[in-house]
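my_file38.pdb (PDB, C-alpha atoms and all ligand atoms) appears below.
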```pdb
MODEL        1
ATOM      1  CA  MET A  13     -60.399 -21.236 -88.416  1.00  0.00           C
ATOM      2  CA  ALA A  14     -59.200 -20.861 -84.840  1.00  0.00           C
ATOM      3  CA  ASP A  15     -55.760 -19.745 -86.068  1.00  0.00           C
ATOM      4  CA  ARG A  16     -57.206 -17.246 -88.527  1.00  0.00           C
ATOM      5  CA  GLU A  17     -59.532 -15.919 -85.855  1.00  0.00           C
ATOM      6  CA  ARG A  18     -56.688 -15.581 -83.343  1.00  0.00           C
ATOM      7  CA  GLU A  19     -54.527 -13.716 -85.870  1.00  0.00           C
ATOM      8  CA  ALA A  20     -57.371 -11.358 -86.756  1.00  0.00           C
ATOM      9  CA  THR A  21     -58.070 -10.741 -83.069  1.00  0.00           C
ATOM     10  CA  TYR A  22     -54.395  -9.957 -82.394  1.00  0.00           C
ATOM     11  CA  LEU A  23     -54.285  -7.674 -85.435  1.00  0.00           C
ATOM     12  CA  ALA A  24     -57.299  -5.634 -84.264  1.00  0.00           C
ATOM     13  CA  GLU A  25     -55.874  -5.420 -80.734  1.00  0.00           C
ATOM     14  CA  ASP A  26     -52.485  -4.335 -82.110  1.00  0.00           C
ATOM     15  CA  ARG A  27     -54.123  -1.595 -84.190  1.00  0.00           C
ATOM     16  CA  MET A  28     -55.974  -0.286 -81.153  1.00  0.00           C
ATOM     17  CA  ALA A  29     -52.825  -0.477 -78.994  1.00  0.00           C
ATOM     18  CA  ARG A  30     -50.876   1.501 -81.607  1.00  0.00           C
ATOM     19  CA  VAL A  31     -53.375   4.338 -81.333  1.00  0.00           C
ATOM     20  CA  ALA A  32     -53.371   4.111 -77.523  1.00  0.00           C
ATOM     21  CA  ARG A  33     -49.555   4.209 -77.404  1.00  0.00           C
ATOM     22  CA  ASN A  34     -49.337   7.084 -79.859  1.00  0.00           C
ATOM     23  CA  GLY A  35     -50.546   9.406 -77.129  1.00  0.00           C
ATOM     24  CA  ALA A  36     -52.387  11.617 -79.624  1.00  0.00           C
ATOM     25  CA  PRO A  37     -55.279  11.168 -82.047  1.00  0.00           C
ATOM     26  CA  MET A  38     -54.339   9.143 -85.132  1.00  0.00           C
ATOM     27  CA  VAL A  39     -55.860   8.608 -88.556  1.00  0.00           C
ATOM     28  CA  VAL A  40     -56.868   4.963 -88.928  1.00  0.00           C
ATOM     29  CA  GLY A  41     -58.643   3.836 -92.076  1.00  0.00           C
ATOM     30  CA  GLY A  42     -59.411   7.452 -92.998  1.00  0.00           C
ATOM     31  CA  ARG A  43     -60.921   8.253 -89.597  1.00  0.00           C
ATOM     32  CA  LEU A  44     -59.393  10.316 -86.817  1.00  0.00           C
ATOM     33  CA  VAL A  45     -59.286   8.011 -83.804  1.00  0.00           C
ATOM     34  CA  SER A  46     -58.750   9.126 -80.229  1.00  0.00           C
ATOM     35  CA  VAL A  47     -58.645   6.728 -77.276  1.00  0.00           C
ATOM     36  CA  GLU A  48     -57.380   6.797 -73.700  1.00  0.00           C
ATOM     37  CA  PRO A  49     -53.555   6.512 -73.724  1.00  0.00           C
ATOM     38  CA  ASP A  50     -51.973   3.160 -72.972  1.00  0.00           C
ATOM     39  CA  VAL A  51     -49.631   3.148 -69.973  1.00  0.00           C
ATOM     40  CA  LYS A  52     -46.629   1.061 -69.122  1.00  0.00           C
ATOM     41  CA  PHE A  53     -46.355  -0.394 -65.648  1.00  0.00           C
ATOM     42  CA  THR A  54     -43.010   0.599 -64.205  1.00  0.00           C
ATOM     43  CA  ALA A  55     -42.615  -2.523 -62.070  1.00  0.00           C
ATOM     44  CA  LEU A  56     -43.928  -6.056 -62.034  1.00  0.00           C
ATOM     45  CA  SER A  57     -45.471  -5.399 -58.617  1.00  0.00           C
ATOM     46  CA  GLU A  58     -47.487  -2.541 -60.136  1.00  0.00           C
ATOM     47  CA  ALA A  59     -48.914  -4.876 -62.799  1.00  0.00           C
ATOM     48  CA  GLY A  60     -49.598  -7.419 -60.051  1.00  0.00           C
ATOM     49  CA  LEU A  61     -51.467  -4.883 -57.930  1.00  0.00           C
ATOM     50  CA  PHE A  62     -53.546  -3.803 -60.938  1.00  0.00           C
ATOM     51  CA  CYS A  63     -54.542  -7.450 -61.533  1.00  0.00           C
ATOM     52  CA  THR A  64     -55.251  -8.102 -57.844  1.00  0.00           C
ATOM     53  CA  LEU A  65     -57.543  -5.077 -57.578  1.00  0.00           C
ATOM     54  CA  THR A  66     -59.330  -5.837 -60.852  1.00  0.00           C
ATOM     55  CA  CYS A  67     -59.915  -9.455 -59.779  1.00  0.00           C
ATOM     56  CA  LEU A  68     -61.281  -8.287 -56.422  1.00  0.00           C
ATOM     57  CA  GLU A  69     -63.623  -5.812 -58.115  1.00  0.00           C
ATOM     58  CA  LEU A  70     -64.916  -8.452 -60.516  1.00  0.00           C
ATOM     59  CA  GLY A  71     -65.122 -11.230 -57.934  1.00  0.00           C
ATOM     60  CA  LEU A  72     -62.560 -13.361 -59.773  1.00  0.00           C
ATOM     61  CA  PRO A  73     -60.050 -15.701 -58.152  1.00  0.00           C
ATOM     62  CA  PRO A  74     -56.603 -14.101 -57.754  1.00  0.00           C
ATOM     63  CA  VAL A  75     -53.985 -14.333 -60.484  1.00  0.00           C
ATOM     64  CA  ASP A  76     -50.202 -14.288 -60.034  1.00  0.00           C
ATOM     65  CA  VAL A  77     -48.124 -12.059 -62.271  1.00  0.00           C
ATOM     66  CA  ARG A  78     -44.529 -12.930 -63.070  1.00  0.00           C
ATOM     67  CA  LEU A  79     -41.910 -12.085 -65.656  1.00  0.00           C
ATOM     68  CA  ARG A  80     -41.427 -14.527 -68.522  1.00  0.00           C
ATOM     69  CA  ARG A  81     -37.731 -14.114 -69.158  1.00  0.00           C
ATOM     70  CA  GLY A  82     -36.304 -14.731 -72.604  1.00  0.00           C
ATOM     71  CA  GLU A  83     -39.712 -14.767 -74.291  1.00  0.00           C
ATOM     72  CA  SER A  84     -41.209 -12.224 -76.663  1.00  0.00           C
ATOM     73  CA  THR A  85     -44.872 -12.834 -75.891  1.00  0.00           C
ATOM     74  CA  SER A  86     -46.918 -12.828 -72.709  1.00  0.00           C
ATOM     75  CA  HIS A  87     -48.895 -15.840 -71.621  1.00  0.00           C
ATOM     76  CA  TYR A  88     -51.826 -16.834 -69.420  1.00  0.00           C
ATOM     77  CA  SER A  89     -52.163 -20.166 -67.653  1.00  0.00           C
ATOM     78  CA  PRO A  90     -55.282 -21.113 -65.695  1.00  0.00           C
ATOM     79  CA  GLY A  91     -54.681 -22.523 -62.233  1.00  0.00           C
ATOM     80  CA  HIS A  92     -55.083 -26.250 -62.764  1.00  0.00           C
ATOM     81  CA  GLY A  93     -56.051 -28.469 -59.842  1.00  0.00           C
ATOM     82  CA  GLY A  94     -56.634 -25.697 -57.342  1.00  0.00           C
ATOM     83  CA  GLY A  95     -53.414 -23.862 -58.192  1.00  0.00           C
ATOM     84  CA  THR A  96     -53.344 -20.114 -58.735  1.00  0.00           C
ATOM     85  CA  ALA A  97     -53.734 -18.845 -62.285  1.00  0.00           C
ATOM     86  CA  GLU A  98     -50.758 -16.996 -63.702  1.00  0.00           C
ATOM     87  CA  ILE A  99     -49.986 -14.210 -66.113  1.00  0.00           C
ATOM     88  CA  ALA A 100     -46.421 -14.411 -67.398  1.00  0.00           C
ATOM     89  CA  LEU A 101     -45.353 -11.114 -68.946  1.00  0.00           C
ATOM     90  CA  ALA A 102     -42.618 -10.851 -71.553  1.00  0.00           C
ATOM     91  CA  SER A 103     -40.035  -8.171 -70.881  1.00  0.00           C
ATOM     92  CA  TRP A 104     -41.925  -5.752 -73.112  1.00  0.00           C
ATOM     93  CA  GLY A 105     -45.205  -6.988 -71.775  1.00  0.00           C
ATOM     94  CA  ALA A 106     -45.814  -4.476 -69.062  1.00  0.00           C
ATOM     95  CA  TRP A 107     -48.146  -2.365 -71.188  1.00  0.00           C
ATOM     96  CA  ARG A 108     -51.553  -2.179 -69.541  1.00  0.00           C
ATOM     97  CA  SER A 109     -53.181  -3.249 -72.822  1.00  0.00           C
ATOM     98  CA  VAL A 110     -51.153  -6.473 -72.802  1.00  0.00           C
ATOM     99  CA  VAL A 111     -52.042  -7.165 -69.167  1.00  0.00           C
ATOM    100  CA  LEU A 112     -55.736  -6.582 -69.984  1.00  0.00           C
ATOM    101  CA  HIS A 113     -55.589  -9.105 -72.847  1.00  0.00           C
ATOM    102  CA  GLU A 114     -54.223 -11.720 -70.447  1.00  0.00           C
ATOM    103  CA  LEU A 115     -56.765 -10.743 -67.781  1.00  0.00           C
ATOM    104  CA  ALA A 116     -59.555 -11.322 -70.300  1.00  0.00           C
ATOM    105  CA  HIS A 117     -58.314 -14.928 -70.529  1.00  0.00           C
ATOM    106  CA  HIS A 118     -58.585 -15.078 -66.737  1.00  0.00           C
ATOM    107  CA  VAL A 119     -62.187 -13.833 -66.842  1.00  0.00           C
ATOM    108  CA  LEU A 120     -63.097 -16.661 -69.228  1.00  0.00           C
ATOM    109  CA  ALA A 121     -61.084 -19.325 -67.392  1.00  0.00           C
ATOM    110  CA  SER A 122     -62.748 -18.317 -64.115  1.00  0.00           C
ATOM    111  CA  ARG A 123     -66.141 -19.117 -65.619  1.00  0.00           C
ATOM    112  CA  GLY A 124     -64.934 -22.687 -65.863  1.00  0.00           C
ATOM    113  CA  ASP A 125     -66.179 -23.224 -69.384  1.00  0.00           C
ATOM    114  CA  SER A 126     -63.462 -25.309 -71.047  1.00  0.00           C
ATOM    115  CA  GLU A 127     -65.343 -25.327 -74.361  1.00  0.00           C
ATOM    116  CA  VAL A 128     -64.746 -21.624 -74.894  1.00  0.00           C
ATOM    117  CA  GLU A 129     -62.384 -20.797 -77.760  1.00  0.00           C
ATOM    118  CA  ALA A 130     -59.201 -19.051 -76.472  1.00  0.00           C
ATOM    119  CA  HIS A 131     -59.555 -16.055 -78.815  1.00  0.00           C
ATOM    120  CA  GLY A 132     -63.155 -16.500 -79.886  1.00  0.00           C
ATOM    121  CA  SER A 133     -66.264 -14.350 -79.606  1.00  0.00           C
ATOM    122  CA  GLU A 134     -66.615 -14.835 -75.810  1.00  0.00           C
ATOM    123  CA  PHE A 135     -63.004 -13.785 -75.337  1.00  0.00           C
ATOM    124  CA  ARG A 136     -63.479 -10.611 -77.374  1.00  0.00           C
ATOM    125  CA  ARG A 137     -66.623  -9.710 -75.434  1.00  0.00           C
ATOM    126  CA  ALA A 138     -64.839 -10.332 -72.105  1.00  0.00           C
ATOM    127  CA  HIS A 139     -61.953  -8.133 -73.264  1.00  0.00           C
ATOM    128  CA  LEU A 140     -64.293  -5.277 -74.221  1.00  0.00           C
ATOM    129  CA  ASP A 141     -66.202  -5.558 -70.918  1.00  0.00           C
ATOM    130  CA  LEU A 142     -62.901  -5.454 -69.041  1.00  0.00           C
ATOM    131  CA  LEU A 143     -61.823  -2.278 -70.849  1.00  0.00           C
ATOM    132  CA  VAL A 144     -65.094  -0.613 -69.890  1.00  0.00           C
ATOM    133  CA  HIS A 145     -64.732  -1.810 -66.296  1.00  0.00           C
ATOM    134  CA  VAL A 146     -61.285  -0.221 -65.878  1.00  0.00           C
ATOM    135  CA  GLY A 147     -62.480   3.073 -67.374  1.00  0.00           C
ATOM    136  CA  LEU A 148     -61.269   2.707 -70.965  1.00  0.00           C
ATOM    137  CA  ALA A 149     -64.616   3.139 -72.678  1.00  0.00           C
ATOM    138  CA  ARG A 150     -63.182   4.754 -75.820  1.00  0.00           C
ATOM    139  CA  GLN A 151     -60.626   1.963 -76.215  1.00  0.00           C
ATOM    140  CA  ALA A 152     -63.486  -0.522 -75.869  1.00  0.00           C
ATOM    141  CA  GLN A 153     -65.554   1.309 -78.462  1.00  0.00           C
ATOM    142  CA  GLU A 154     -62.650   1.504 -80.912  1.00  0.00           C
ATOM    143  CA  LEU A 155     -61.624  -2.113 -80.394  1.00  0.00           C
ATOM    144  CA  GLU A 156     -65.212  -3.238 -80.937  1.00  0.00           C
ATOM    145  CA  ARG A 157     -65.255  -1.302 -84.199  1.00  0.00           C
ATOM    146  CA  MET A 158     -61.956  -2.899 -85.271  1.00  0.00           C
ATOM    147  CA  PHE A 159     -63.230  -6.383 -84.397  1.00  0.00           C
ATOM    148  CA  THR A 160     -66.400  -5.751 -86.378  1.00  0.00           C
ATOM    149  CA  GLU A 161     -64.522  -4.341 -89.367  1.00  0.00           C
ATOM    150  CA  ALA A 162     -62.334  -7.469 -89.368  1.00  0.00           C
ATOM    151  CA  GLY A 163     -65.463  -9.608 -89.539  1.00  0.00           C
ATOM    152  CA  LEU A 164     -64.965 -10.950 -86.030  1.00  0.00           C
ATOM    153  CA  ARG A 165     -68.088 -11.897 -84.091  1.00  0.00           C
ATOM    154  CA  LEU A 166     -68.806 -10.833 -80.530  1.00  0.00           C
ATOM    155  CA  ALA A 167     -70.630 -12.916 -77.926  1.00  0.00           C
TER     156      ALA A 167
HETATM  157 ZN    ZN A 201     -54.417 -14.445 -75.748  1.00  0.00          ZN
ENDMDL
END
```
Show me, as structure tokens, the structure contained in the file I just sent.
Ligand SMILES: [Zn+2]
Amino acid sequence: MADREREATYLAEDRMARVARNGAPMVVGGRLVSVEPDVKFTALSEAGLFCTLTCLELGLPPVDVRLRRGESTSHYSPGHGGGTAEIALASWGAWRSVVLHELAHHVLASRGDSEVEAHGSEFRRAHLDLLVHVGLARQAQELERMFTEAGLRLA
């Protein structure tokens, strides 16, 4: 169930990111969809600054951002034992939408609830709230619709 749910969550996020990276309205499932464009950070430090500011605004502990060389996917690790949490970005992973996915993990991890499913309903709600917080309300609305259409629950 957790695997199926993770795959469905990724799929919905990928669909939304495709529209956001298209840079123009797109027909998805027979509907014309228009969201704020996705942007690519031009340097790791830029992605780091974005995370630092977002964490400050939300009152979250800081998170380090580094490059995950030789990998094709980005990754989040909570700061165990007082260490700093970390977002490791794959070489292609400097899209803002990818960084926001990893930051949503940080939001959940910072609540300290270890029972929360990594890509479950709380994660999806945290991701949507984060999109709204950083001014991507249409992306949030579209992603919520895609989650719902995929039968994914929201906390
Ligand atoms: Zn994830």
Specify as number ranges by chain each residue included when the PyMOL selection byres (((chain A and resi 74-80) around 6) and not hetatm) is applied to this file. A: 60, 73, 81, 97-102
Point-to-point distance in Å for atom CA of A:Gly132 and atom CA of A:Glu19: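 Distance reported for this atom pair: 10.9 Å.
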Within 9 Å of A:His131 using all atoms listed in the file, minus same-chain residues under 3 positions, as a list in words: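 Answer for this query is Ala14, Asp15, Glu17, Arg18, Glu19, Thr21, Tyr22, His117, Val128, Glu134, Phe135 and Arg136 of chain A.
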Counting all atoms listed in the file, the residue of A:Tyr88, A:Ala32, A:Leu68, A:Trp107 that sits nearest A:Thr54: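 Looking only at the distances to A:Thr54, the closest residue turns out to be A:Trp107.
Once the PyMOL selection byres (((chain A and resi 166) around 10) and not hetatm) is applied to this file, the selection holds Gly132, Ser133, Glu134, Phe135, Arg136, Arg137, Ala138, Leu140, Glu156, Phe159, Thr160, Gly163, Leu164, Arg165 and Ala167 of chain A.
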Any idea what the distance is between atom CA of A:Gly93 and atom CA of A:Val110?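 Rounded to one decimal, the two atoms are 26.0 Å apart.
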Figure out the distance between atom CA of A:Val31 and atom CA of A:Glu83, please, to one decimal in Å.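 So the two atoms, atom CA of A:Glu83 and atom CA of A:Val31, lie 24.5 Å apart.
Those residues returned by the PyMOL selection byres (((chain A and resi 41) around 12) and not hetatm) for this file are Arg27, Met28, Val31, Met38, Val39, Val40, Gly42, Arg43, Leu44, Val45, Arg157, Met158 and Glu161 of chain A.
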Could you check the closest approach to ligand ZN 201 (chain A) for each of A:Ala121, A:Ala152, A:Leu70, A:Leu65 and tell me which residue wins, using only C-alpha atoms and all ligand atoms?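 Under the stated criterion, the closest residue is A:Ala121.
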Restricting the calculation to all atoms listed in the file, which member of A:His145, A:His118, A:His139, A:His113 is positioned closest to ligand ZN 201 (chain A)?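 With all atoms listed in the file as the atom set, the closest residue is A:His113.
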What's the 9 Å shell around A:Ala29, counting all atoms listed in the file, without same-chain residues fewer than 6 positions away, as a list in words? Pro49, Asp50, Ser109, Val110 and Gln151 of chain A
